[in-house]
>>> print(open('run.txt').read())   # compact mmCIF, C-alpha atoms and all ligand atoms
# COMPACT_ATOMS: atom_id res chain seq x y z
CA MET T 1 0.00 0.00 0.00
CA LYS T 2 1.24 3.46 -0.88
CA ILE T 3 -0.02 6.39 1.14
CA ALA T 4 0.79 10.05 0.65
CA VAL T 5 -0.01 12.62 3.35
CA SER T 6 -0.49 16.28 2.53
CA GLY T 7 -2.24 19.33 3.99
CA LYS T 8 -1.65 22.89 5.11
CA GLY T 9 1.49 23.69 7.13
CA GLY T 10 1.33 22.65 10.77
CA VAL T 11 -1.90 20.63 10.62
CA GLY T 12 -0.20 17.46 11.85
CA LYS T 13 0.99 15.64 8.71
CA THR T 14 4.26 14.48 10.21
CA VAL T 15 2.65 13.30 13.43
CA LEU T 16 0.11 11.29 11.42
CA VAL T 17 2.79 9.76 9.17
CA ALA T 18 4.84 8.76 12.22
CA LEU T 19 1.89 7.25 14.10
CA LEU T 20 0.48 5.45 11.06
CA SER T 21 3.87 3.92 10.28
CA ARG T 22 4.11 2.73 13.79
CA VAL T 23 0.68 1.10 13.72
CA PHE T 24 1.47 -0.61 10.39
CA ALA T 25 4.84 -1.80 11.72
CA GLU T 26 3.25 -3.15 14.93
CA SER T 27 0.78 -5.05 12.78
CA GLY T 28 3.58 -6.86 10.98
CA TYR T 29 3.95 -4.77 7.85
CA SER T 30 7.32 -3.71 6.53
CA VAL T 31 7.12 0.09 6.51
CA LEU T 32 9.17 2.56 4.54
CA THR T 33 8.56 6.23 5.26
CA ILE T 34 9.69 9.03 2.99
CA ASP T 35 10.26 12.55 4.23
CA ALA T 36 9.57 14.61 1.13
CA ASP T 37 9.06 17.86 3.02
CA PRO T 38 11.95 20.29 2.44
CA ASP T 39 11.71 21.18 6.11
CA ALA T 40 12.33 17.59 7.11
CA ASN T 41 11.47 16.56 10.67
CA LEU T 42 10.00 13.10 10.32
CA ALA T 43 13.17 11.49 11.69
CA ALA T 44 12.86 13.44 14.92
CA THR T 45 9.15 12.68 15.21
CA LEU T 46 9.88 8.99 14.71
CA GLY T 47 12.41 9.20 17.53
CA PHE T 48 15.52 8.53 15.43
CA PRO T 49 18.68 9.25 17.41
CA HIS T 50 20.59 12.28 16.05
CA PRO T 51 18.12 13.14 13.30
CA GLU T 52 20.25 16.17 12.40
CA LYS T 53 23.00 13.86 11.23
CA ILE T 54 20.90 12.27 8.51
CA VAL T 55 22.07 13.61 5.16
CA PRO T 56 19.14 14.17 2.76
CA ILE T 57 19.51 12.59 -0.67
CA SER T 58 19.32 16.03 -2.32
CA GLU T 59 22.59 16.95 -0.58
CA MET T 60 24.50 13.88 -1.74
CA LYS T 61 26.27 15.65 -4.56
CA ASP T 62 28.61 12.80 -5.44
CA LEU T 63 25.71 10.38 -5.66
CA ILE T 64 23.68 12.79 -7.80
CA GLU T 65 26.64 13.27 -10.13
CA GLU T 66 27.35 9.55 -10.30
CA ARG T 67 23.76 8.74 -11.21
CA THR T 68 22.78 11.63 -13.44
CA GLY T 69 26.13 12.59 -14.91
CA ALA T 70 25.76 16.18 -13.70
CA ARG T 71 26.89 17.87 -10.52
CA PRO T 72 24.25 19.96 -8.75
CA GLY T 73 24.92 23.66 -9.12
CA ARG T 74 26.94 23.39 -12.32
CA ALA T 75 25.47 24.54 -15.56
CA GLU T 76 25.47 21.26 -17.39
CA ILE T 77 23.17 20.77 -20.27
CA PHE T 78 23.17 17.04 -20.71
CA PHE T 79 22.39 14.53 -18.04
CA LYS T 80 20.44 11.34 -17.64
CA LEU T 81 16.73 11.77 -17.11
CA ASN T 82 16.29 8.16 -16.01
CA PRO T 83 19.04 7.54 -13.47
CA LYS T 84 19.44 4.14 -11.86
CA VAL T 85 17.84 4.25 -8.41
CA ASP T 86 16.70 0.72 -7.55
CA ASP T 87 19.72 0.04 -5.34
CA LEU T 88 19.40 3.29 -3.40
CA PRO T 89 16.72 2.40 -0.81
CA GLU T 90 18.78 -0.37 0.80
CA LYS T 91 21.88 1.83 0.76
CA TYR T 92 20.40 5.00 2.15
CA TRP T 93 17.44 4.24 4.31
CA ARG T 94 17.81 4.47 8.05
CA GLU T 95 15.93 2.20 10.38
CA HIS T 96 14.65 2.76 13.88
CA ASN T 97 12.15 0.64 15.85
CA GLY T 98 11.39 -1.38 12.72
CA ILE T 99 10.53 1.66 10.59
CA LYS T 100 12.63 2.58 7.60
CA LEU T 101 13.08 6.20 6.60
CA MET T 102 14.49 8.00 3.59
CA VAL T 103 14.96 11.76 3.77
CA MET T 104 14.68 13.40 0.36
CA GLY T 105 15.63 16.97 1.22
CA ARG T 106 15.13 20.23 -0.54
CA THR T 107 14.67 20.25 -4.27
CA LYS T 108 15.27 23.18 -6.55
CA GLN T 109 12.18 25.29 -7.00
CA GLY T 110 10.96 26.03 -10.47
CA GLY T 111 7.99 23.83 -11.05
CA SER T 112 7.69 20.87 -13.31
CA GLY T 113 9.82 22.52 -15.97
CA CYS T 114 12.89 22.51 -13.73
CA TYR T 115 15.19 19.76 -14.89
CA CYS T 116 18.09 19.95 -12.52
CA PRO T 117 19.98 16.80 -11.58
CA GLU T 118 18.89 16.70 -7.93
CA ASN T 119 15.21 16.97 -8.87
CA VAL T 120 15.58 14.31 -11.51
CA LEU T 121 17.21 11.90 -9.08
CA LEU T 122 14.64 12.55 -6.34
CA GLN T 123 11.72 12.15 -8.69
CA ALA T 124 13.11 8.92 -10.07
CA LEU T 125 13.63 7.67 -6.54
CA VAL T 126 10.15 8.58 -5.30
CA SER T 127 8.62 7.00 -8.41
CA HIS T 128 10.62 3.86 -7.83
CA LEU T 129 9.58 3.69 -4.17
CA LEU T 130 5.93 4.09 -5.05
CA LEU T 131 5.86 1.91 -8.14
CA ALA T 132 8.25 -0.92 -7.45
CA ARG T 133 8.57 -1.61 -3.72
CA ASP T 134 6.56 -4.09 -1.70
CA GLU T 135 6.66 -2.21 1.58
CA VAL T 136 3.88 -0.07 2.93
CA VAL T 137 5.26 3.27 1.76
CA ILE T 138 4.11 6.41 3.57
CA LEU T 139 5.08 9.76 2.13
CA ASP T 140 5.21 12.93 4.24
CA MET T 141 4.73 15.84 1.86
CA GLU T 142 4.38 19.56 2.01
CA ALA T 143 1.08 21.22 1.09
CA GLY T 144 1.67 20.95 -2.64
CA ILE T 145 1.57 17.66 -4.44
CA GLU T 146 2.92 19.00 -7.73
CA HIS T 147 6.04 16.88 -7.48
CA LEU T 148 3.95 13.75 -7.71
CA GLY T 149 4.02 13.26 -11.45
CA ARG T 150 1.20 11.61 -13.35
CA ALA T 151 2.91 8.24 -13.54
CA THR T 152 3.73 8.29 -9.85
CA ALA T 153 0.33 9.53 -8.77
CA LYS T 154 -1.29 6.40 -10.16
CA ALA T 155 0.66 4.31 -7.68
CA VAL T 156 -0.70 6.20 -4.68
CA ASP T 157 -3.50 4.14 -3.15
CA LYS T 158 -4.61 6.91 -0.84
CA LEU T 159 -3.79 10.58 -0.64
CA ILE T 160 -4.62 11.62 2.90
CA VAL T 161 -5.24 15.32 3.39
CA VAL T 162 -4.96 16.40 7.00
CA VAL T 163 -7.20 19.27 8.02
CA GLU T 164 -7.73 21.08 11.29
CA PRO T 165 -10.87 22.97 12.27
CA GLY T 166 -10.21 26.22 10.42
CA ARG T 167 -11.05 27.73 7.06
CA ARG T 168 -7.53 27.86 5.72
CA SER T 169 -6.73 24.20 6.08
CA VAL T 170 -10.09 23.40 4.46
CA GLU T 171 -9.23 25.71 1.55
CA THR T 172 -5.90 23.94 1.21
CA ALA T 173 -7.76 20.62 1.08
CA TYR T 174 -9.83 21.88 -1.86
CA ARG T 175 -6.67 23.07 -3.60
CA ILE T 176 -5.00 19.70 -3.10
CA ASP T 177 -8.12 17.93 -4.33
CA LYS T 178 -8.03 20.01 -7.51
CA LEU T 179 -4.32 19.25 -8.07
CA ALA T 180 -4.94 15.58 -7.40
CA GLN T 181 -7.68 15.46 -10.03
CA ASP T 182 -5.38 17.22 -12.49
CA ILE T 183 -2.71 14.54 -12.15
CA GLY T 184 -5.18 11.66 -12.11
CA LEU T 185 -5.17 10.77 -8.43
CA PRO T 186 -8.76 10.21 -7.38
CA ASN T 187 -8.23 8.39 -4.08
CA ILE T 188 -8.33 11.26 -1.66
CA ALA T 189 -9.47 11.02 1.95
CA ILE T 190 -9.54 13.47 4.81
CA VAL T 191 -8.26 13.10 8.35
CA GLY T 192 -9.44 15.77 10.77
CA ASN T 193 -6.84 16.63 13.41
CA LYS T 194 -6.67 18.79 16.53
CA LEU T 195 -10.39 18.51 17.22
CA ARG T 196 -11.52 20.01 20.50
CA SER T 197 -15.27 19.53 20.32
CA GLN T 198 -18.17 17.96 18.53
CA SER T 199 -18.73 21.25 16.73
CA ASP T 200 -15.18 21.07 15.30
CA ARG T 201 -16.12 17.76 13.78
CA GLU T 202 -19.36 19.13 12.42
CA PHE T 203 -17.51 22.11 10.95
CA LEU T 204 -15.20 19.81 8.97
CA ILE T 205 -17.98 17.53 7.80
CA SER T 206 -20.12 20.45 6.67
CA THR T 207 -17.31 22.35 4.91
CA LEU T 208 -16.00 19.24 3.13
CA PRO T 209 -19.16 17.58 1.83
CA GLY T 210 -18.62 14.66 -0.49
CA PHE T 211 -15.16 13.84 0.88
CA GLU T 212 -14.34 10.53 2.50
CA PHE T 213 -13.32 10.96 6.15
CA LEU T 214 -10.90 8.36 7.48
CA GLY T 215 -10.97 9.61 11.03
CA PHE T 216 -10.93 12.45 13.52
CA ILE T 217 -7.99 12.91 15.87
CA PRO T 218 -8.56 14.88 19.07
CA TYR T 219 -6.39 17.77 20.14
CA ASP T 220 -4.30 16.52 23.04
CA GLN T 221 -2.21 18.85 25.15
CA ALA T 222 -0.07 15.83 26.09
CA LEU T 223 1.42 15.85 22.59
CA VAL T 224 2.34 19.51 22.88
CA ALA T 225 3.81 18.94 26.33
CA ALA T 226 5.90 16.01 25.08
CA ASP T 227 7.16 18.16 22.22
CA LEU T 228 8.16 20.97 24.57
CA ALA T 229 9.86 18.57 26.98
CA ASN T 230 11.60 16.80 24.09
CA LEU T 231 9.99 13.49 25.05
CA PRO T 232 8.99 10.80 22.53
CA LEU T 233 5.86 12.02 20.76
CA LEU T 234 4.72 8.59 19.73
CA ASP T 235 4.04 7.44 23.28
CA SER T 236 2.55 10.65 24.56
CA SER T 237 -1.16 10.29 23.84
CA GLN T 238 -3.20 7.14 24.14
CA GLN T 239 -6.33 8.75 22.72
CA ILE T 240 -4.48 9.88 19.62
CA ILE T 241 -2.88 6.48 18.98
CA ASN T 242 -6.28 4.83 19.45
CA GLU T 243 -7.77 7.04 16.75
CA VAL T 244 -4.80 6.34 14.45
CA ARG T 245 -5.50 2.61 14.93
CA ASN T 246 -9.04 3.28 13.67
CA ILE T 247 -7.61 5.09 10.65
CA TYR T 248 -5.34 2.11 10.02
CA GLN T 249 -8.39 -0.18 10.14
CA ALA T 250 -10.15 2.06 7.63
CA LEU T 251 -7.13 1.81 5.31
CA LEU T 252 -6.73 -1.95 5.60
CA PRO T 253 -9.18 -2.96 2.87
CA ILE T 254 -6.76 -1.50 0.31
CA ALA T 255 -3.68 -3.17 1.82
CA LYS T 256 -2.31 -6.60 1.06
CA ALA T 257 -1.73 -8.83 4.08
CA PRO T 258 1.76 -8.46 5.58
CA SER T 259 4.33 -10.57 3.80
CA THR T 260 5.45 -13.54 5.92
CA THR T 261 8.97 -13.40 4.57
CA ASN T 262 10.13 -10.53 6.76
N1 LIG T 301 -3.77 16.10 17.74
C1 LIG T 301 -2.86 16.98 18.17
N2 LIG T 301 -2.96 17.53 19.41
C2 LIG T 301 -2.05 18.42 19.84
N3 LIG T 301 -0.99 18.83 19.13
C3 LIG T 301 -0.82 18.31 17.91
C4 LIG T 301 -1.74 17.37 17.35
N4 LIG T 301 -1.31 17.03 16.11
C5 LIG T 301 -0.17 17.73 15.90
N5 LIG T 301 0.12 18.51 16.97
C6 LIG T 301 1.26 19.43 17.11
O1 LIG T 301 1.18 20.37 16.06
C7 LIG T 301 2.48 20.69 15.60
C8 LIG T 301 2.54 20.46 14.10
O2 LIG T 301 2.45 19.06 13.86
P1 LIG T 301 3.24 18.42 12.64
O3 LIG T 301 4.67 18.81 12.66
O4 LIG T 301 2.90 16.99 12.57
O5 LIG T 301 2.52 19.20 11.46
P2 LIG T 301 2.92 19.25 9.92
O6 LIG T 301 1.65 19.37 9.18
O7 LIG T 301 3.80 18.11 9.59
O8 LIG T 301 3.74 20.60 9.88
P3 LIG T 301 4.72 21.13 8.72
O9 LIG T 301 3.79 21.69 7.68
O10 LIG T 301 5.51 22.16 9.40
O11 LIG T 301 5.50 19.95 8.24
C9 LIG T 301 3.46 19.83 16.38
O12 LIG T 301 4.00 20.60 17.42
C10 LIG T 301 2.60 18.71 16.91
O13 LIG T 301 3.11 18.21 18.12
MG MG T 302 5.72 18.05 8.75
>>> encode(input="run.txt", output="structure tokens", more="lines below")
Ligand SMILES: Nc1ncnc2c1ncn2[C@@H]1O[C@H](COP(=O)(O)OP(=O)(O)OP(=O)(O)O)[C@@H](O)[C@H]1O
Ligand SMILES: [Mg+2]
Amino acid sequence: MKIAVSGKGGVGKTVLVALLSRVFAESGYSVLTIDADPDANLAATLGFPHPEKIVPISEMKDLIEERTGARPGRAEIFFKLNPKVDDLPEKYWREHNGIKLMVMGRTKQGGSGCYCPENVLLQALVSHLLLARDEVVILDMEAGIEHLGRATAKAVDKLIVVVEPGRRSVETAYRIDKLAQDIGLPNIAIVGNKLRSQSDREFLISTLPGFEFLGFIPYDQALVAADLANLPLLDSSQQIINEVRNIYQALLPIAKAPSTTN
């Protein structure tokens, strides 16, 4: 199963990716998470030791040059648009508590017309991870999903858009839905996060009619307190993990049973 998580800044994408990966891993699935947010912090949220020491793929200049034939930053005109990437996951993922992580890093801005070697390598790698791997792959993305190309988008079984009770995150959800339709990705679902009341839930349901809701996660001060005290986020809130288990159950019908070989 391939899941991508998007939504407005700060709505709780990374927390959801981390908790979902944990629930999948506990249930016996092999899980590979991808931090595709330029402001990467999934490693820290997953409790990796020394997350700051993880070098994002986009900063591996020698690797990018080796695979594409062009060094980032140099004005080279010719380079490979289909670099070899199938050996990269095993070489560059990190693993902690049974969850694998690849940190993509910052790509060059410039939209889909920007063919620079780092973008080409990252796109090839993300496509490979989504199209050719057997793991449950969970992608933590920024609010835009433009860097999911058409071919890659087809491999995404579910695009989860996280929203919080507030107009702006709902507007972002509509924008993402539009982009998703443009690239041929129809399987969108919403997760409401940071809910404080029944009326928060009703607000989301009424402002997002016609959308599938996978679940509603309560606001829990315990998560904020754990963050401030630099304690593991994943163990901080029982009510949140319970709701993420429900979301996992709602996703299961589109997953294959865990492979018994690992
Ligand atoms: N249900 C919740 N209850 C309380 N705090 C929460 C909840 N969900 C997320 N948070 C807090 O909100 C903040 C933002 O969460 P998170 O980093 O997961 O969001 P994000 O969407 O990934 O943000 P960014 O766009 O910056 O990547 C964090 O401090 C997190 O601890
Ligand atoms: Mg994040």
>>> axis_aligned_box(input="run.txt", around="ligand LIG 301 (chain T)", padding_each_side="8 Å", output="JSON")
{"center_x": 0.9, "center_y": 19.1, "center_z": 13.8, "size_x": 25.3, "size_y": 22.1, "size_z": 28.2}
>>> residues_near_ligand(input="run.txt", ligand="ligand LIG 301 (chain T)", cutoff="7 Å", atoms="only C-alpha atoms and all ligand atoms", output="list in words")
Gly7, Lys8, Gly9, Gly10, Val11, Gly12, Lys13, Thr14, Val15, Leu16, Asp37, Asp39, Glu142, Asn193, Lys194, Ile217, Pro218, Tyr219, Asp220, Gln221, Leu223, Val224, Asp227 and Ile240 of chain T
>>> write_last_selection(input="run.txt", atoms="C-alpha atoms", output="short mmCIF file (atom, residue, chain, number, x, y, z; two decimals), in the coordinates of the input")
data_model
loop_
_atom_site.label_atom_id
_atom_site.label_comp_id
_atom_site.auth_asym_id
_atom_site.auth_seq_id
_atom_site.Cartn_x
_atom_site.Cartn_y
_atom_site.Cartn_z
CA GLY T 7 -2.24 19.33 3.99
CA LYS T 8 -1.65 22.89 5.11
CA GLY T 9 1.49 23.69 7.13
CA GLY T 10 1.33 22.65 10.77
CA VAL T 11 -1.90 20.63 10.62
CA GLY T 12 -0.20 17.46 11.85
CA LYS T 13 0.99 15.64 8.71
CA THR T 14 4.26 14.48 10.21
CA VAL T 15 2.65 13.30 13.43
CA LEU T 16 0.11 11.29 11.42
CA ASP T 37 9.06 17.86 3.02
CA ASP T 39 11.71 21.18 6.11
CA GLU T 142 4.38 19.56 2.01
CA ASN T 193 -6.84 16.63 13.41
CA LYS T 194 -6.67 18.79 16.53
CA ILE T 217 -7.99 12.91 15.87
CA PRO T 218 -8.56 14.88 19.07
CA TYR T 219 -6.39 17.77 20.14
CA ASP T 220 -4.30 16.52 23.04
CA GLN T 221 -2.21 18.85 25.15
CA LEU T 223 1.42 15.85 22.59
CA VAL T 224 2.34 19.51 22.88
CA ASP T 227 7.16 18.16 22.22
CA ILE T 240 -4.48 9.88 19.62
#
>>> closest_residue(input="run.txt", among="T:Glu26, T:Glu243, T:Asp140, T:Asp182", to="ligand MG 302 (chain T)", atoms="all atoms listed in the file")
T:Asp140
>>> atom_distance(input="run.txt", atom1="atom CA of T:Val17", atom2="atom CA of T:Val137")
10.2 Å
>>> atom_distance(input="run.txt", atom1="atom CA of T:Pro83", atom2="atom CA of T:Leu122")
9.8 Å
>>> atom_distance(input="run.txt", atom1="atom CA of T:Ala189", atom2="atom CA of T:Leu42")
21.3 Å
>>> closest_residue(input="run.txt", among="T:Ile138, T:Val244, T:Ala25, T:Leu131", to="T:Pro258", atoms="all atoms listed in the file")
T:Ala25
>>> closest_residue(input="run.txt", among="T:Ala70, T:Phe24, T:Met102, T:Ala143", to="ligand MG 302 (chain T)", atoms="only C-alpha atoms and all ligand atoms")
T:Ala143
>>> residues_around(input="run.txt", residues="T:Asp134", least_positions_apart="2", cutoff="10 Å", atoms="only C-alpha atoms", output="list in words")
Met1, Lys2, Tyr29, Ser30, Val31, Leu32, Leu129, Leu130, Leu131, Ala132, Val136, Val137, Lys256, Pro258 and Ser259 of chain T
>>> closest_residue(input="run.txt", among="T:Glu95, T:Glu212, T:Glu118, T:Glu90", to="T:Asp177", atoms="all atoms listed in the file")
T:Glu212
>>> closest_residue(input="run.txt", among="T:Met141, T:Leu214, T:Met60, T:Pro89", to="ligand MG 302 (chain T)", atoms="all atoms listed in the file")
T:Met141
>>> closest_residue(input="run.txt", among="T:Ser127, T:Asn119, T:Ser169, T:Asn41", to="ligand MG 302 (chain T)", atoms="all atoms listed in the file")
T:Asn41
>>> residues_around(input="run.txt", residues="T:Ile190", least_positions_apart="2", cutoff="9 Å", atoms="all atoms listed in the file", output="list in words")
Leu159, Ile160, Val161, Val162, Val163, Ala173, Ile188, Gly192, Leu208, Phe211, Glu212, Phe213, Leu214, Gly215 and Phe216 of chain T
>>> residues_around(input="run.txt", residues="T:His96", least_positions_apart="3", cutoff="9 Å", atoms="all atoms listed in the file", output="VMD selection string")
chain T and resid 46 to 49 99 to 101
>>> residues_near_point(input="run.txt", point="(14.9, 9.5, -10.5)", cutoff="9 Å", atoms="only C-alpha atoms", output="list in words")
Arg67, Thr68, Leu81, Asn82, Pro83, Lys84, Val85, Pro117, Glu118, Asn119, Val120, Leu121, Leu122, Gln123, Ala124, Leu125, Val126, Ser127 and His128 of chain T
>>> write_last_selection(input="run.txt", atoms="C-alpha atoms", output="mmCIF file, in the frame of the given file")
data_model
loop_
_atom_site.group_PDB
_atom_site.id
_atom_site.type_symbol
_atom_site.label_atom_id
_atom_site.label_comp_id
_atom_site.auth_asym_id
_atom_site.auth_seq_id
_atom_site.Cartn_x
_atom_site.Cartn_y
_atom_site.Cartn_z
ATOM 1 C CA ARG T 67 23.760 8.740 -11.210
ATOM 2 C CA THR T 68 22.780 11.630 -13.440
ATOM 3 C CA LEU T 81 16.730 11.770 -17.110
ATOM 4 C CA ASN T 82 16.290 8.160 -16.010
ATOM 5 C CA PRO T 83 19.040 7.540 -13.470
ATOM 6 C CA LYS T 84 19.440 4.140 -11.860
ATOM 7 C CA VAL T 85 17.840 4.250 -8.410
ATOM 8 C CA PRO T 117 19.980 16.800 -11.580
ATOM 9 C CA GLU T 118 18.890 16.700 -7.930
ATOM 10 C CA ASN T 119 15.210 16.970 -8.870
ATOM 11 C CA VAL T 120 15.580 14.310 -11.510
ATOM 12 C CA LEU T 121 17.210 11.900 -9.080
ATOM 13 C CA LEU T 122 14.640 12.550 -6.340
ATOM 14 C CA GLN T 123 11.720 12.150 -8.690
ATOM 15 C CA ALA T 124 13.110 8.920 -10.070
ATOM 16 C CA LEU T 125 13.630 7.670 -6.540
ATOM 17 C CA VAL T 126 10.150 8.580 -5.300
ATOM 18 C CA SER T 127 8.620 7.000 -8.410
ATOM 19 C CA HIS T 128 10.620 3.860 -7.830
#
>>> decode(input="run.txt", residues="stretch 220-237 of chain T", atoms="N, CA, C and O atoms", output="PDB file, in the first residue's frame")
ATOM      1  N   ASP T 220      -4.725  16.995  21.722  1.00  0.00           N
ATOM      2  CA  ASP T 220      -4.301  16.522  23.042  1.00  0.00           C
ATOM      3  C   ASP T 220      -3.070  17.299  23.494  1.00  0.00           C
ATOM      4  O   ASP T 220      -2.009  17.237  22.871  1.00  0.00           O
ATOM      5  N   GLN T 221      -3.278  18.034  24.578  1.00  0.00           N
ATOM      6  CA  GLN T 221      -2.211  18.847  25.146  1.00  0.00           C
ATOM      7  C   GLN T 221      -0.977  18.005  25.476  1.00  0.00           C
ATOM      8  O   GLN T 221       0.154  18.493  25.453  1.00  0.00           O
ATOM      9  N   ALA T 222      -1.186  16.708  25.733  1.00  0.00           N
ATOM     10  CA  ALA T 222      -0.070  15.832  26.092  1.00  0.00           C
ATOM     11  C   ALA T 222       0.973  15.779  24.968  1.00  0.00           C
ATOM     12  O   ALA T 222       2.179  15.662  25.214  1.00  0.00           O
ATOM     13  N   LEU T 223       0.499  15.881  23.738  1.00  0.00           N
ATOM     14  CA  LEU T 223       1.422  15.849  22.593  1.00  0.00           C
ATOM     15  C   LEU T 223       2.269  17.122  22.576  1.00  0.00           C
ATOM     16  O   LEU T 223       3.479  17.086  22.330  1.00  0.00           O
ATOM     17  N   VAL T 224       1.626  18.235  22.847  1.00  0.00           N
ATOM     18  CA  VAL T 224       2.338  19.511  22.885  1.00  0.00           C
ATOM     19  C   VAL T 224       3.348  19.502  24.033  1.00  0.00           C
ATOM     20  O   VAL T 224       4.510  19.898  23.865  1.00  0.00           O
ATOM     21  N   ALA T 225       2.909  18.981  25.169  1.00  0.00           N
ATOM     22  CA  ALA T 225       3.808  18.940  26.335  1.00  0.00           C
ATOM     23  C   ALA T 225       5.016  18.052  26.052  1.00  0.00           C
ATOM     24  O   ALA T 225       6.154  18.409  26.382  1.00  0.00           O
ATOM     25  N   ALA T 226       4.788  16.917  25.397  1.00  0.00           N
ATOM     26  CA  ALA T 226       5.899  16.009  25.084  1.00  0.00           C
ATOM     27  C   ALA T 226       6.875  16.691  24.139  1.00  0.00           C
ATOM     28  O   ALA T 226       8.098  16.572  24.271  1.00  0.00           O
ATOM     29  N   ASP T 227       6.328  17.441  23.180  1.00  0.00           N
ATOM     30  CA  ASP T 227       7.161  18.158  22.223  1.00  0.00           C
ATOM     31  C   ASP T 227       8.031  19.178  22.964  1.00  0.00           C
ATOM     32  O   ASP T 227       9.250  19.253  22.756  1.00  0.00           O
ATOM     33  N   LEU T 228       7.417  19.939  23.847  1.00  0.00           N
ATOM     34  CA  LEU T 228       8.162  20.971  24.570  1.00  0.00           C
ATOM     35  C   LEU T 228       9.237  20.363  25.467  1.00  0.00           C
ATOM     36  O   LEU T 228      10.333  20.889  25.601  1.00  0.00           O
ATOM     37  N   ALA T 229       8.920  19.200  26.061  1.00  0.00           N
ATOM     38  CA  ALA T 229       9.864  18.567  26.977  1.00  0.00           C
ATOM     39  C   ALA T 229      10.839  17.648  26.238  1.00  0.00           C
ATOM     40  O   ALA T 229      11.655  16.969  26.865  1.00  0.00           O
ATOM     41  N   ASN T 230      10.731  17.648  24.897  1.00  0.00           N
ATOM     42  CA  ASN T 230      11.603  16.799  24.086  1.00  0.00           C
ATOM     43  C   ASN T 230      11.481  15.313  24.448  1.00  0.00           C
ATOM     44  O   ASN T 230      12.472  14.595  24.489  1.00  0.00           O
ATOM     45  N   LEU T 231      10.263  14.897  24.737  1.00  0.00           N
ATOM     46  CA  LEU T 231       9.992  13.487  25.048  1.00  0.00           C
ATOM     47  C   LEU T 231       9.420  12.815  23.796  1.00  0.00           C
ATOM     48  O   LEU T 231       8.905  13.490  22.915  1.00  0.00           O
ATOM     49  N   PRO T 232       9.491  11.476  23.732  1.00  0.00           N
ATOM     50  CA  PRO T 232       8.991  10.798  22.532  1.00  0.00           C
ATOM     51  C   PRO T 232       7.514  11.116  22.279  1.00  0.00           C
ATOM     52  O   PRO T 232       6.670  10.910  23.141  1.00  0.00           O
ATOM     53  N   LEU T 233       7.237  11.638  21.084  1.00  0.00           N
ATOM     54  CA  LEU T 233       5.861  12.024  20.761  1.00  0.00           C
ATOM     55  C   LEU T 233       4.959  10.807  20.606  1.00  0.00           C
ATOM     56  O   LEU T 233       3.784  10.848  20.933  1.00  0.00           O
ATOM     57  N   LEU T 234       5.558   9.713  20.111  1.00  0.00           N
ATOM     58  CA  LEU T 234       4.717   8.587  19.727  1.00  0.00           C
ATOM     59  C   LEU T 234       4.064   7.902  20.919  1.00  0.00           C
ATOM     60  O   LEU T 234       3.086   7.205  20.773  1.00  0.00           O
ATOM     61  N   ASP T 235       4.612   8.094  22.108  1.00  0.00           N
ATOM     62  CA  ASP T 235       4.037   7.445  23.284  1.00  0.00           C
ATOM     63  C   ASP T 235       3.228   8.409  24.130  1.00  0.00           C
ATOM     64  O   ASP T 235       2.787   8.065  25.208  1.00  0.00           O
ATOM     65  N   SER T 236       3.052   9.632  23.638  1.00  0.00           N
ATOM     66  CA  SER T 236       2.551  10.647  24.562  1.00  0.00           C
ATOM     67  C   SER T 236       1.029  10.653  24.712  1.00  0.00           C
ATOM     68  O   SER T 236       0.537  11.111  25.723  1.00  0.00           O
ATOM     69  N   SER T 237       0.300  10.158  23.740  1.00  0.00           N
ATOM     70  CA  SER T 237      -1.158  10.294  23.843  1.00  0.00           C
ATOM     71  C   SER T 237      -1.882   9.017  23.430  1.00  0.00           C
ATOM     72  O   SER T 237      -1.919   8.659  22.259  1.00  0.00           O
TER      73      SER T 237
END
